[in-house]
$ cat structure.txt   # compact mmCIF, C-alpha atoms
# COMPACT_ATOMS: atom_id res chain seq x y z
CA MET A 1 58.28 26.23 -38.48
CA ASN A 2 61.40 24.81 -40.13
CA LEU A 3 61.55 21.42 -41.87
CA ALA A 4 63.18 19.61 -38.94
CA ASP A 5 60.47 20.71 -36.50
CA TYR A 6 57.76 19.71 -38.97
CA LEU A 7 59.25 16.21 -39.40
CA ASN A 8 59.52 15.77 -35.62
CA GLU A 9 55.86 16.74 -35.22
CA LEU A 10 54.85 14.17 -37.82
CA LYS A 11 56.80 11.48 -35.96
CA ALA A 12 54.97 12.34 -32.73
CA LEU A 13 51.61 11.59 -34.35
CA GLY A 14 52.27 7.85 -34.28
CA PRO A 15 51.52 5.28 -36.98
CA GLU A 16 48.68 6.08 -39.34
CA LYS A 17 45.68 3.76 -39.14
CA PRO A 18 44.81 2.09 -42.43
CA LEU A 19 41.54 3.33 -43.90
CA GLU A 20 38.82 0.76 -44.45
CA PRO A 21 36.76 1.13 -47.60
CA GLU A 22 33.26 2.48 -46.93
CA LEU A 23 30.74 -0.13 -48.02
CA LYS A 24 27.13 0.42 -48.93
CA SER A 25 24.58 -1.11 -46.58
CA HIS A 26 23.62 -3.99 -48.91
CA ARG A 27 27.31 -4.81 -49.41
CA GLN A 28 27.90 -4.71 -45.65
CA GLU A 29 25.04 -7.16 -45.12
CA HIS A 30 26.39 -9.41 -47.86
CA ASP A 31 29.89 -9.42 -46.36
CA LYS A 32 28.46 -10.03 -42.88
CA LYS A 33 26.52 -13.03 -44.20
CA LEU A 34 29.65 -14.44 -45.87
CA ARG A 35 31.66 -14.07 -42.64
CA GLU A 36 28.89 -15.76 -40.66
CA GLU A 37 28.73 -18.67 -43.12
CA LYS A 38 32.48 -19.15 -42.77
CA ASP A 39 32.28 -19.00 -38.96
CA LEU A 40 29.49 -21.58 -38.93
CA SER A 41 31.45 -23.89 -41.24
CA ASP A 42 34.34 -23.58 -38.75
CA GLY A 43 32.09 -24.76 -35.88
CA ALA A 44 31.03 -21.49 -34.22
CA VAL A 45 27.62 -23.06 -33.49
CA MET A 46 27.14 -26.82 -33.22
CA GLN A 47 23.67 -28.23 -32.57
CA ALA A 48 21.86 -31.50 -32.03
CA VAL A 49 18.08 -32.03 -32.17
CA VAL A 50 16.87 -33.69 -28.95
CA GLU A 51 13.10 -33.48 -29.59
CA THR A 52 11.56 -32.85 -33.01
CA GLY A 53 8.44 -30.96 -31.85
CA ASP A 54 5.37 -30.20 -33.98
CA GLU A 55 6.63 -30.46 -37.55
CA GLU A 56 3.36 -28.97 -38.87
CA SER A 57 4.03 -25.66 -37.11
CA GLU A 58 5.63 -22.68 -38.82
CA ARG A 59 9.24 -21.89 -38.07
CA PRO A 60 9.80 -18.42 -36.56
CA GLY A 61 11.05 -15.54 -38.67
CA GLU A 62 12.52 -12.10 -38.06
CA GLY A 63 10.41 -10.02 -35.67
CA ASP A 64 8.29 -12.92 -34.41
CA LEU A 65 7.73 -13.05 -30.66
CA VAL A 66 9.17 -16.35 -29.40
CA LEU A 67 8.87 -17.93 -25.96
CA VAL A 68 11.78 -20.22 -25.18
CA HIS A 69 12.92 -22.42 -22.33
CA VAL A 70 16.69 -22.42 -21.96
CA SER A 71 19.35 -23.98 -19.77
CA VAL A 72 22.90 -22.56 -19.81
CA ARG A 73 25.85 -24.82 -18.96
CA THR A 74 29.62 -24.72 -19.17
CA GLU A 75 31.55 -27.13 -21.38
CA ASP A 76 32.02 -29.26 -18.24
CA ASP A 77 28.21 -29.49 -17.90
CA ASP A 78 27.99 -27.23 -14.83
CA LEU A 79 24.54 -25.61 -14.73
CA ILE A 80 24.66 -21.79 -14.67
CA PHE A 81 21.03 -20.86 -15.31
CA SER A 82 17.74 -22.47 -16.29
CA THR A 83 14.15 -21.40 -16.81
CA ARG A 84 12.97 -24.98 -16.16
CA SER A 85 11.44 -25.68 -12.77
CA ASP A 86 13.02 -29.16 -12.56
CA GLU A 87 16.43 -27.47 -12.77
CA GLY A 88 15.70 -24.83 -10.14
CA GLY A 89 14.26 -22.20 -12.48
CA SER A 90 10.97 -20.32 -12.36
CA GLY A 91 9.20 -22.56 -14.88
CA GLN A 92 8.57 -19.47 -17.03
CA PRO A 93 10.05 -19.21 -20.55
CA LEU A 94 11.95 -16.20 -21.86
CA ALA A 95 10.10 -13.98 -24.34
CA PHE A 96 11.84 -11.89 -27.00
CA CYS A 97 11.44 -10.79 -30.61
CA LEU A 98 13.65 -12.82 -32.93
CA GLU A 99 16.44 -10.65 -34.39
CA LYS A 100 14.71 -7.46 -33.19
CA GLY A 101 14.85 -5.26 -30.09
CA ARG A 102 17.07 -6.58 -27.32
CA ARG A 103 18.74 -9.36 -29.28
CA ALA A 104 19.43 -12.85 -27.96
CA PRO A 105 22.83 -14.55 -28.49
CA ARG A 106 23.35 -15.05 -32.21
CA GLY A 107 23.72 -18.81 -31.77
CA TRP A 108 20.17 -18.96 -30.37
CA GLU A 109 18.79 -16.94 -33.29
CA ILE A 110 20.42 -19.18 -35.88
CA SER A 111 19.07 -22.31 -34.20
CA LEU A 112 15.56 -20.93 -33.59
CA ARG A 113 15.12 -19.95 -37.24
CA GLY A 114 15.10 -23.67 -38.07
CA MET A 115 12.97 -24.94 -35.18
CA HIS A 116 9.33 -26.00 -34.92
CA VAL A 117 7.17 -25.35 -31.84
CA LYS A 118 8.12 -27.72 -28.98
CA GLN A 119 11.38 -28.68 -30.76
CA ARG A 120 14.37 -28.96 -28.44
CA ASN A 121 17.97 -28.38 -29.54
CA VAL A 122 21.24 -28.55 -27.62
CA LEU A 123 23.90 -26.11 -28.83
CA LYS A 124 27.64 -25.71 -28.33
CA VAL A 125 28.40 -22.04 -29.00
CA LYS A 126 31.69 -20.18 -29.20
CA PRO A 127 31.87 -16.88 -27.26
CA SER A 128 31.63 -14.73 -30.40
CA TYR A 129 28.21 -16.25 -31.15
CA GLY A 130 27.06 -16.24 -27.54
CA TYR A 131 26.74 -13.30 -25.19
CA GLN A 132 29.83 -11.65 -26.75
CA HIS A 133 28.29 -11.31 -30.21
CA PRO A 134 28.25 -7.57 -31.08
CA GLU A 135 24.47 -7.56 -31.67
CA CYS A 136 23.55 -9.45 -28.48
CA GLY A 137 21.72 -7.20 -26.03
CA MET A 138 20.53 -9.90 -23.64
CA PRO A 139 22.52 -9.84 -20.37
CA ALA A 140 24.33 -13.04 -19.46
CA PRO A 141 23.25 -14.83 -16.26
CA PRO A 142 25.46 -14.04 -13.24
CA GLY A 143 28.56 -16.22 -13.11
CA THR A 144 28.65 -16.95 -16.86
CA PRO A 145 32.24 -17.37 -18.18
CA LEU A 146 31.83 -15.17 -21.25
CA ASP A 147 35.16 -16.17 -22.82
CA GLN A 148 34.38 -19.90 -22.87
CA VAL A 149 32.33 -22.20 -25.08
CA LEU A 150 28.84 -22.56 -23.61
CA SER A 151 26.14 -25.19 -23.93
CA PHE A 152 22.54 -24.03 -24.46
CA ASP A 153 19.54 -26.34 -24.18
CA LEU A 154 16.76 -24.53 -26.09
CA GLN A 155 13.11 -25.48 -26.50
CA LEU A 156 10.78 -23.32 -28.58
CA MET A 157 7.41 -23.19 -26.78
CA GLN A 158 5.31 -20.67 -28.76
CA VAL A 159 5.57 -18.26 -31.68
CA TYR A 160 3.47 -15.12 -32.22
CA PRO A 161 3.80 -13.62 -35.75
CA ALA A 162 5.60 -10.32 -36.21
CA GLU A 163 2.61 -8.59 -37.82
CA GLY A 164 0.74 -8.72 -34.49
CA VAL A 165 3.68 -7.81 -32.21
CA ARG A 166 5.61 -4.61 -31.61
CA CYS A 167 8.87 -4.21 -29.75
CA VAL A 168 8.48 -0.94 -27.88
CA SER A 169 10.28 1.07 -25.15
CA SER A 170 13.71 2.70 -25.19
CA GLY A 171 15.29 -0.45 -23.77
CA ASP A 172 13.80 -2.69 -26.49
CA ASP A 173 12.60 -5.11 -23.80
CA MET A 174 8.84 -4.45 -23.86
CA TYR A 175 6.62 -6.37 -26.28
CA ARG A 176 3.06 -5.35 -27.18
CA ARG A 177 0.18 -7.22 -28.79
CA VAL A 178 -2.99 -5.22 -29.49
CA LEU A 179 -6.19 -7.17 -28.87
CA GLN A 180 -8.52 -4.23 -29.61
CA GLU A 181 -7.54 -0.95 -31.21
CA GLY A 182 -8.32 2.26 -29.35
CA SER A 183 -9.56 5.60 -30.63
CA GLY A 184 -8.20 9.13 -30.71
CA TRP A 185 -4.71 10.51 -31.05
CA GLU A 186 -3.88 11.08 -27.40
CA SER A 187 -1.88 8.77 -25.13
CA PRO A 188 -1.54 9.29 -21.37
CA ARG A 189 1.61 10.72 -19.84
CA PRO A 190 2.42 12.25 -16.45
CA PRO A 191 0.53 13.85 -14.79
CA PHE A 192 -2.54 12.48 -16.67
CA GLU A 193 -5.15 10.53 -14.72
CA VAL A 194 -6.21 7.14 -16.08
CA VAL A 195 -8.96 4.61 -15.45
CA LEU A 196 -8.02 1.08 -16.47
CA ARG A 197 -8.55 -2.61 -16.03
CA CYS A 198 -5.37 -4.53 -15.30
CA THR A 199 -4.45 -8.21 -15.02
CA LEU A 200 -0.89 -9.26 -14.19
CA ARG A 201 0.42 -12.78 -14.86
CA THR A 202 3.68 -14.63 -14.96
CA LEU A 203 4.49 -16.29 -18.30
CA ALA A 204 2.90 -19.73 -18.70
CA TYR A 205 5.24 -22.75 -18.89
CA ASP A 206 3.93 -23.63 -22.37
CA GLY A 207 4.17 -20.02 -23.56
CA ILE A 208 0.43 -19.62 -24.26
CA SER A 209 -0.52 -15.98 -23.80
CA MET A 210 -2.79 -14.97 -20.92
CA SER A 211 -2.75 -18.44 -19.33
CA GLY A 212 0.00 -18.05 -16.74
CA PHE A 213 -0.29 -17.62 -12.98
CA ARG A 214 -2.51 -14.58 -12.30
CA TYR A 215 -1.24 -12.70 -9.27
CA PHE A 216 -3.34 -9.55 -9.69
CA GLN A 217 -6.63 -8.74 -11.40
CA CYS A 218 -8.97 -5.79 -11.58
CA GLY A 219 -11.42 -6.79 -14.30
CA GLU A 220 -15.06 -7.29 -15.21
CA GLY A 221 -17.35 -6.81 -12.23
CA ASP A 222 -14.63 -5.12 -10.19
CA THR A 223 -14.13 -1.43 -9.70
CA PRO A 224 -11.48 -0.37 -12.23
CA LEU A 225 -8.26 1.24 -11.13
CA ARG A 226 -7.98 5.01 -11.10
CA ALA A 227 -4.49 6.48 -10.85
CA GLN A 228 -2.41 9.52 -11.68
CA LEU A 229 0.70 8.91 -13.74
CA GLY A 230 3.94 10.03 -12.13
CA SER A 231 2.56 9.82 -8.60
CA GLY A 232 3.95 6.35 -7.77
CA GLN A 233 0.51 4.72 -7.83
CA LEU A 234 1.57 2.58 -10.81
CA PRO A 235 4.96 0.87 -11.38
CA PRO A 236 7.25 2.42 -14.03
CA GLY A 237 6.70 -0.41 -16.54
CA ILE A 238 2.91 -0.10 -16.40
CA GLU A 239 3.13 3.67 -16.86
CA ALA A 240 5.45 3.16 -19.84
CA ALA A 241 3.03 0.63 -21.38
CA LEU A 242 0.06 2.98 -20.96
CA GLY A 243 2.06 5.66 -22.78
CA TYR A 244 1.74 3.58 -25.98
CA MET A 245 -2.03 3.13 -25.68
CA ALA A 246 -5.07 5.09 -26.86
CA LYS A 247 -8.44 5.38 -25.14
CA ALA A 248 -10.50 2.13 -25.27
CA GLU A 249 -7.46 0.10 -26.36
CA HIS A 250 -7.03 -3.44 -25.00
CA SER A 251 -3.48 -4.79 -25.22
CA VAL A 252 -1.12 -7.35 -23.74
CA PHE A 253 2.44 -6.34 -22.84
CA ILE A 254 5.39 -8.46 -21.78
CA LEU A 255 7.61 -6.44 -19.45
CA PRO A 256 10.72 -7.02 -17.33
CA ALA A 257 9.56 -8.02 -13.85
CA SER A 258 11.85 -5.36 -12.36
CA SER A 259 9.84 -2.64 -14.13
CA VAL A 260 6.56 -3.90 -12.64
CA SER A 261 7.83 -3.71 -9.07
CA PRO A 262 6.62 -0.68 -7.10
CA ALA A 263 8.99 2.27 -7.40
CA ALA A 264 9.74 4.82 -4.72
CA PRO A 265 7.15 7.56 -5.42
CA PRO A 266 8.01 11.25 -5.43
CA SER A 267 6.98 13.05 -2.27
CA SER A 268 7.23 16.46 -0.71
CA ALA A 269 5.87 18.34 2.26
CA ASP A 270 3.01 19.59 0.10
CA GLN A 271 2.28 16.26 -1.57
CA PRO A 272 2.69 13.06 0.48
CA ALA A 273 3.89 9.91 -1.29
CA ALA A 274 1.17 7.77 -2.90
CA ALA A 275 1.09 4.02 -2.28
CA CYS A 276 1.48 1.74 -5.30
CA LEU A 277 -1.80 0.08 -6.27
CA LEU A 278 -0.18 -3.05 -7.73
CA PRO A 279 1.72 -5.83 -5.92
CA ALA A 280 5.29 -6.87 -6.69
CA PRO A 281 5.73 -9.88 -9.05
CA PRO A 282 6.61 -13.33 -7.66
CA ALA A 283 10.22 -13.59 -6.57
CA LYS A 284 11.60 -15.75 -9.44
CA ALA A 285 9.76 -13.98 -12.27
CA LEU A 286 12.01 -12.42 -14.92
CA GLN A 287 9.15 -11.12 -17.07
CA VAL A 288 5.49 -10.30 -16.47
CA GLU A 289 2.52 -10.32 -18.84
CA ALA A 290 0.31 -7.27 -18.29
CA GLU A 291 -3.16 -7.23 -19.85
CA LEU A 292 -4.33 -3.62 -19.90
CA GLU A 293 -7.57 -1.96 -21.00
CA LEU A 294 -7.51 1.84 -20.98
CA LEU A 295 -11.07 2.92 -20.18
CA GLU A 296 -10.56 6.64 -19.67
CA LEU A 297 -7.81 9.19 -19.66
CA VAL A 298 -8.08 12.63 -18.12
CA GLN A 299 -5.72 15.27 -19.42
CA VAL A 300 -3.81 17.02 -16.63
CA ARG A 301 -1.23 19.63 -17.61
CA ASP A 302 1.14 22.02 -15.91
CA MET A 303 0.34 25.13 -17.95
CA THR A 304 3.21 27.23 -16.62
CA GLY A 305 5.89 24.61 -15.97
CA THR A 306 6.09 25.71 -12.34
CA GLY A 307 3.00 24.00 -10.93
CA GLU A 308 1.26 27.35 -10.34
CA VAL A 309 -1.43 26.70 -12.96
CA MET A 310 -2.63 23.10 -13.39
CA LYS A 311 -5.30 22.18 -15.91
CA ARG A 312 -7.51 19.11 -15.49
CA ARG A 313 -9.95 18.28 -18.29
CA ILE A 314 -13.27 17.07 -16.86
CA ARG A 315 -15.30 16.84 -20.07
CA GLU A 316 -14.39 16.33 -23.71
CA GLY A 317 -15.11 19.22 -26.06
CA GLN A 318 -16.06 19.35 -29.73
CA GLY A 319 -13.84 19.96 -32.72
CA GLU A 320 -10.29 18.93 -33.52
CA PHE A 321 -7.09 19.88 -31.72
CA PRO A 322 -5.46 22.32 -32.38
CA ILE A 323 -7.47 23.60 -35.34
CA ASP A 324 -10.58 24.48 -33.34
CA CYS A 325 -8.86 25.95 -30.29
CA PRO A 326 -9.31 29.71 -29.66
CA LEU A 327 -6.46 32.04 -30.61
CA ASN A 328 -5.62 35.61 -29.71
CA ASP A 329 -8.43 38.09 -30.54
CA THR A 330 -10.98 35.26 -30.58
CA THR A 331 -14.33 35.97 -28.90
CA VAL A 332 -15.19 33.25 -26.38
CA ARG A 333 -18.04 32.68 -23.93
CA VAL A 334 -17.16 30.73 -20.77
CA HIS A 335 -18.73 29.60 -17.53
CA TYR A 336 -16.31 29.33 -14.63
CA ARG A 337 -16.30 28.36 -11.00
CA VAL A 338 -13.64 29.16 -8.40
CA ARG A 339 -12.98 27.06 -5.31
CA ALA A 340 -10.34 27.33 -2.63
CA GLN A 341 -8.00 24.35 -3.01
CA ALA A 342 -7.13 24.11 0.68
CA GLY A 343 -7.85 25.93 3.87
CA PRO A 344 -8.44 25.52 7.61
CA PRO A 345 -11.11 23.04 8.76
CA GLY A 346 -14.61 24.37 8.24
CA ALA A 347 -13.53 27.06 5.82
CA SER A 348 -14.93 27.04 2.31
CA SER A 349 -15.04 29.46 -0.53
CA SER A 350 -16.56 29.28 -3.97
CA SER A 351 -17.99 31.53 -6.59
CA SER A 352 -19.34 31.07 -10.07
CA SER A 353 -20.04 33.34 -12.97
CA SER A 354 -20.10 33.62 -16.72
CA SER A 355 -18.03 35.85 -18.91
CA SER A 356 -17.73 36.89 -22.50
CA SER A 357 -14.68 38.42 -24.08

$ encode --input "structure.txt" --output "C-alpha cells"
Amino acid sequence: MNLADYLNELKALGPEKPLEPELKSHRQEHDKKLREEKDLSDGAVMQAVVETGDEESERPGEGDLVLVHVSVRTEDDDLIFSTRSDEGGSGQPLAFCLEKGRRAPRGWEISLRGMHVKQRNVLKVKPSYGYQHPECGMPAPPGTPLDQVLSFDLQLMQVYPAEGVRCVSSGDDMYRRVLQEGSGWESPRPPFEVVLRCTLRTLAYDGISMSGFRYFQCGEGDTPLRAQLGSGQLPPGIEAALGYMAKAEHSVFILPASSVSPAAPPSSADQPAAACLLPAPPAKALQVEAELELLELVQVRDMTGTGEVMKRRIREGQGEFPIDCPLNDTTVRVHYRVRAQAGPPGASSSSSSSSSS
C-alpha cells in the first residue's frame, strides 16, 4: 500500500473519539455524588412536606424494604397513576428495596431517605431524576410523558430493615423475608414434588405485612397443597419463590401479580395439562404477598435427560451427598420392585426381589 492509499484509508475511519480516563470505583462514586449534588442544587428534585408522619420512626436506608403510596401527575396536575383508592387506584402500596434490585426513580430514593413512616412529600422531578434516570428499573405507568417534569405525591407507609429482607429473582422484583429458617441444602426445582402451605394476600393499605386482603389460604387444619413443579399446577412466581426455600422453611415473598397468575401448563398427548391449584390475583393488584411454608420436597430427576429413566425419591437415606453415595466397583445390597406404569384396563404386573452386587 502506498502512502496516498494509506492516508485515504485513515480519512475513511472518521473522527477519533476522545478517550475518557478510567476511574477507580471509589473515584467514580465520588464523582457521581458530586454531579448529583450539583443537579440537586440546580433544582432536579424539588420537594415539600405535606404530612410530617411519625418522627420517632427510623428513616429508611439502603436495602430496606419500603412500602409507599404514590400518585403521579403531570406539571399541569393531570393524574396519570395512583395507588390510592380515592384516586382510582387499588389501595395497595408499592413495595421495593430502597436503592437495591429493581430501582425506583432516583427522585423518590432521595426523598425517601429523609422520610419518617407516614410522612407525605410532594415532589417536582426533572426527567433525568425520574423514570429516565440510568439506574431506574421501575417501568413508568402507561401514558407517562417521560421527557417532562413530573409531580410525585409520596407517602412512606412501612419500612422493613435490610438485614431481614432479600431481593431475589433474576428480575430483581421479588422480595423475601424469612420467618423461620429451614434445614438441609436442597431446594426444589422442576420436576420436584412439593407439599406446602400457602396463603396469598394483596398488600395492606398501611403496608403492614400479612394483614392485607386474603384471597387464598391453605393453612392450619386444611389439607396442604401437593404439586409437581413445572407441571403448571403452581404459577411461575410461586415456583420461583419455592426455588429459594429449604425444607421446613417459612417465608413471606412479595411478587409481581402477573407472576402469580396461572400460566399455560405444558401438555402433550402422553401427559395432559394440569390445572393450576391457585386462583388469579384481584384485577387491580400490582403485587401479591405470598406466605409459604415448605413442608416436604420429593426429589424427582430425569436421569437420562430424555425422560426414559425418571427417579422419584420416596424415603430419605442416611449419610451426606455426594460423599456417601456408591461409586463404581462399590458393593451394594438393594431391594427393588418393578411395576408396569400403564397398561390396558384390568392388566397388572409387578415383581419384587433383592440383589447384591

$ closest_residue --input "structure.txt" --among "A:Ala204, A:Leu297, A:Cys276, A:Ala257" --to "Leu234 of chain A" --atoms "all atoms listed in the file"
A:Cys276

$ atom_distance --input "structure.txt" --atom1 "atom CA of Leu200 of chain A" --atom2 "atom CA of Gly182 of chain A"
20.4 Å

$ residues_around --input "structure.txt" --residues "Cys167 of chain A" --least-positions-apart "6" --cutoff "10 Å" --atoms "only C-alpha atoms" --output "MDAnalysis selection string"
chainID A and resid 63:65 96:97 100:102 173:177 253:254

$ residues_around --input "structure.txt" --residues "Val70 of chain A" --least-positions-apart "5" --cutoff "10 Å" --atoms "all atoms listed in the file" --output "NGL selection string"
:A and (81-84 or 89 or 92-94 or 108 or 120-122 or 152-156)

$ closest_residue --input "structure.txt" --among "A:Gln228, A:Thr330, A:Gln233, A:Ser259" --to "Pro281 of chain A" --atoms "all atoms listed in the file"
A:Ser259

$ atom_distance --input "structure.txt" --atom1 "atom CA of Ala48 of chain A" --atom2 "atom CA of Glu99 of chain A"
21.7 Å

$ build_atoms --input "structure.txt" --residues "segment 100-110 of chain A" --atoms "all heavy atoms" --output "mmCIF file, in the coordinates of the input"
data_model
loop_
_atom_site.group_PDB
_atom_site.id
_atom_site.type_symbol
_atom_site.label_atom_id
_atom_site.label_comp_id
_atom_site.auth_asym_id
_atom_site.auth_seq_id
_atom_site.Cartn_x
_atom_site.Cartn_y
_atom_site.Cartn_z
ATOM 1 N N LYS A 100 15.183 -8.838 -33.346
ATOM 2 C CA LYS A 100 14.710 -7.460 -33.190
ATOM 3 C C LYS A 100 14.842 -7.066 -31.725
ATOM 4 O O LYS A 100 14.886 -7.914 -30.833
ATOM 5 C CB LYS A 100 13.237 -7.324 -33.610
ATOM 6 C CG LYS A 100 12.980 -7.497 -35.093
ATOM 7 C CD LYS A 100 13.459 -6.285 -35.881
ATOM 8 C CE LYS A 100 13.093 -6.388 -37.337
ATOM 9 N NZ LYS A 100 13.569 -5.229 -38.119
ATOM 10 N N GLY A 101 14.841 -5.735 -31.470
ATOM 11 C CA GLY A 101 14.850 -5.260 -30.090
ATOM 12 C C GLY A 101 16.100 -5.679 -29.358
ATOM 13 O O GLY A 101 17.208 -5.646 -29.905
ATOM 14 N N ARG A 102 15.936 -6.099 -28.113
ATOM 15 C CA ARG A 102 17.070 -6.580 -27.320
ATOM 16 C C ARG A 102 17.402 -7.986 -27.776
ATOM 17 O O ARG A 102 16.740 -8.953 -27.408
ATOM 18 C CB ARG A 102 16.750 -6.529 -25.831
ATOM 19 C CG ARG A 102 17.883 -7.001 -24.949
ATOM 20 C CD ARG A 102 17.608 -6.789 -23.479
ATOM 21 N NE ARG A 102 17.704 -5.384 -23.107
ATOM 22 C CZ ARG A 102 17.650 -4.937 -21.864
ATOM 23 N NH1 ARG A 102 17.485 -5.780 -20.873
ATOM 24 N NH2 ARG A 102 17.740 -3.650 -21.603
ATOM 25 N N ARG A 103 18.443 -8.116 -28.589
ATOM 26 C CA ARG A 103 18.740 -9.360 -29.280
ATOM 27 C C ARG A 103 19.272 -10.441 -28.339
ATOM 28 O O ARG A 103 19.998 -10.177 -27.381
ATOM 29 C CB ARG A 103 19.768 -9.113 -30.380
ATOM 30 C CG ARG A 103 19.351 -8.104 -31.452
ATOM 31 C CD ARG A 103 18.579 -8.754 -32.547
ATOM 32 N NE ARG A 103 19.378 -9.717 -33.268
ATOM 33 C CZ ARG A 103 20.097 -9.441 -34.365
ATOM 34 N NH1 ARG A 103 20.121 -8.199 -34.851
ATOM 35 N NH2 ARG A 103 20.772 -10.398 -34.985
ATOM 36 N N ALA A 104 18.909 -11.677 -28.659
ATOM 37 C CA ALA A 104 19.430 -12.850 -27.960
ATOM 38 C C ALA A 104 20.808 -13.194 -28.542
ATOM 39 O O ALA A 104 21.207 -12.657 -29.583
ATOM 40 C CB ALA A 104 18.471 -14.022 -28.139
ATOM 41 N N PRO A 105 21.568 -14.091 -27.892
ATOM 42 C CA PRO A 105 22.830 -14.550 -28.490
ATOM 43 C C PRO A 105 22.604 -15.043 -29.919
ATOM 44 O O PRO A 105 21.596 -15.693 -30.213
ATOM 45 C CB PRO A 105 23.267 -15.677 -27.556
ATOM 46 C CG PRO A 105 22.683 -15.299 -26.221
ATOM 47 C CD PRO A 105 21.358 -14.679 -26.547
ATOM 48 N N ARG A 106 23.538 -14.725 -30.781
ATOM 49 C CA ARG A 106 23.350 -15.050 -32.210
ATOM 50 C C ARG A 106 23.205 -16.557 -32.432
ATOM 51 O O ARG A 106 22.465 -16.983 -33.331
ATOM 52 C CB ARG A 106 24.542 -14.504 -33.013
ATOM 53 C CG ARG A 106 24.432 -14.721 -34.515
ATOM 54 C CD ARG A 106 23.200 -14.082 -35.073
ATOM 55 N NE ARG A 106 23.057 -14.350 -36.512
ATOM 56 C CZ ARG A 106 21.899 -14.353 -37.151
ATOM 57 N NH1 ARG A 106 20.769 -14.117 -36.495
ATOM 58 N NH2 ARG A 106 21.865 -14.600 -38.445
ATOM 59 N N GLY A 107 23.874 -17.368 -31.625
ATOM 60 C CA GLY A 107 23.720 -18.810 -31.770
ATOM 61 C C GLY A 107 22.288 -19.264 -31.546
ATOM 62 O O GLY A 107 21.801 -20.169 -32.229
ATOM 63 N N TRP A 108 21.582 -18.649 -30.585
ATOM 64 C CA TRP A 108 20.170 -18.960 -30.370
ATOM 65 C C TRP A 108 19.358 -18.622 -31.618
ATOM 66 O O TRP A 108 18.514 -19.405 -32.062
ATOM 67 C CB TRP A 108 19.605 -18.150 -29.216
ATOM 68 C CG TRP A 108 20.169 -18.371 -27.869
ATOM 69 C CD1 TRP A 108 21.363 -18.954 -27.543
ATOM 70 C CD2 TRP A 108 19.566 -17.963 -26.636
ATOM 71 N NE1 TRP A 108 21.543 -18.934 -26.187
ATOM 72 C CE2 TRP A 108 20.459 -18.339 -25.604
ATOM 73 C CE3 TRP A 108 18.390 -17.326 -26.304
ATOM 74 C CZ2 TRP A 108 20.178 -18.087 -24.267
ATOM 75 C CZ3 TRP A 108 18.109 -17.078 -24.978
ATOM 76 C CH2 TRP A 108 18.996 -17.456 -23.963
ATOM 77 N N GLU A 109 19.590 -17.409 -32.154
ATOM 78 C CA GLU A 109 18.790 -16.940 -33.290
ATOM 79 C C GLU A 109 18.944 -17.873 -34.482
ATOM 80 O O GLU A 109 17.962 -18.218 -35.152
ATOM 81 C CB GLU A 109 19.210 -15.525 -33.672
ATOM 82 C CG GLU A 109 18.930 -14.487 -32.593
ATOM 83 C CD GLU A 109 19.386 -13.093 -32.973
ATOM 84 O OE1 GLU A 109 20.249 -12.979 -33.877
ATOM 85 O OE2 GLU A 109 18.880 -12.128 -32.382
ATOM 86 N N ILE A 110 20.174 -18.289 -34.742
ATOM 87 C CA ILE A 110 20.420 -19.180 -35.880
ATOM 88 C C ILE A 110 19.679 -20.497 -35.686
ATOM 89 O O ILE A 110 19.046 -21.026 -36.609
ATOM 90 C CB ILE A 110 21.932 -19.411 -36.046
ATOM 91 C CG1 ILE A 110 22.615 -18.102 -36.484
ATOM 92 C CG2 ILE A 110 22.209 -20.526 -37.038
ATOM 93 C CD1 ILE A 110 24.127 -18.132 -36.403
#
